[in-house]
Amino acid sequence: MTVIDEKGLVIEVDVRNCKRCGKLFNYAMGPIICPHCKEQMEEKFQEVKKYIRDHQGCGIAEVSETCDVSQQQIKQWLREERLQFSEDSPVGLNCENCGTMIRSGRFCERCKVEMTHNLQGIYRKEPQPEEHGKPKDYKDHARMRYLDR
């Protein structure tokens, strides 16, 4: 949507409905929720984080019920690496690549290293084979030539 401000400047705005409360807001990036709902989600996140710290060994279902947060939201925070359960916790996620049990994130350490190695291989420049055994001299192409008559 295009809006003209009081100074006559044209401003592009992206107005959307919040997925949680339905109110209109100016969307910038990230999840499609309004600033008020983002603030509420952050408060819930801090509550969940404190509960996990105080109750080591708890599971997602217990945290979800106690803190009144959906299990899906807790799993999202785990995938985003904002939360991590302790080693003795029964909670775990599967690596999206190999299926190994991990505590947070999307990939296990082995898969992260492998993906990094593969990406680095893509960006390595291979030397180009030279034509006729000698490098191209671009100055030769820029000279003026005359035809004999």
# chains A, B, ... in the order shown; residues from 1 in each chain; ligands from 1
$ residues_around --residues "stretch 23-37 of chain A" --least-positions-apart "5" --cutoff "7 Å" --atoms "only C-alpha atoms" --output "list of chain:residue names"
A:Val13, A:Asp14, A:Val15, A:Arg16, A:Asn17, A:Cys18
$ residues_around --residues "A:Gln46" --least-positions-apart "6" --cutoff "12 Å" --atoms "only C-alpha atoms" --output "list in words"
Glu39, Gln40, Ile52, Arg53, Cys67, Val69, Ile74, Trp77, Arg82 and Leu83 of chain A
$ write_last_selection --atoms "C-alpha atoms" --output "mmCIF file, in the first residue's frame"
data_model
loop_
_atom_site.group_PDB
_atom_site.id
_atom_site.type_symbol
_atom_site.label_atom_id
_atom_site.label_comp_id
_atom_site.auth_asym_id
_atom_site.auth_seq_id
_atom_site.Cartn_x
_atom_site.Cartn_y
_atom_site.Cartn_z
ATOM 1 C CA GLU A 39 5.667 -8.455 23.513
ATOM 2 C CA GLN A 40 3.276 -10.996 25.048
ATOM 3 C CA ILE A 52 12.942 -24.969 32.364
ATOM 4 C CA ARG A 53 15.897 -23.580 34.330
ATOM 5 C CA CYS A 67 3.161 -22.108 31.360
ATOM 6 C CA VAL A 69 2.086 -22.202 25.890
ATOM 7 C CA ILE A 74 8.029 -24.507 22.504
ATOM 8 C CA TRP A 77 11.800 -21.879 20.166
ATOM 9 C CA ARG A 82 16.370 -19.814 21.782
ATOM 10 C CA LEU A 83 15.734 -22.688 24.203
#
$ atom_distance --atom1 "atom CA of A:Glu65" --atom2 "atom CA of A:Asp88"
20.4 Å
$ atom_distance --atom1 "atom CA of A:Glu81" --atom2 "atom CA of A:Asp68"
20.4 Å
$ closest_residue --among "A:Arg103, A:Ser86, A:Gly121, A:Glu12" --to "A:Asp54" --atoms "only C-alpha atoms"
A:Ser86
$ select_by_dssp --residues "stretch 46-124 of chain A" --states "strand (DSSP E or B)" --output "list of chain:residue names"
A:Leu93, A:Asn94, A:Met101, A:Ile102
$ atom_distance --atom1 "atom CA of A:Glu87" --atom2 "atom CA of A:Gly59"
12.1 Å
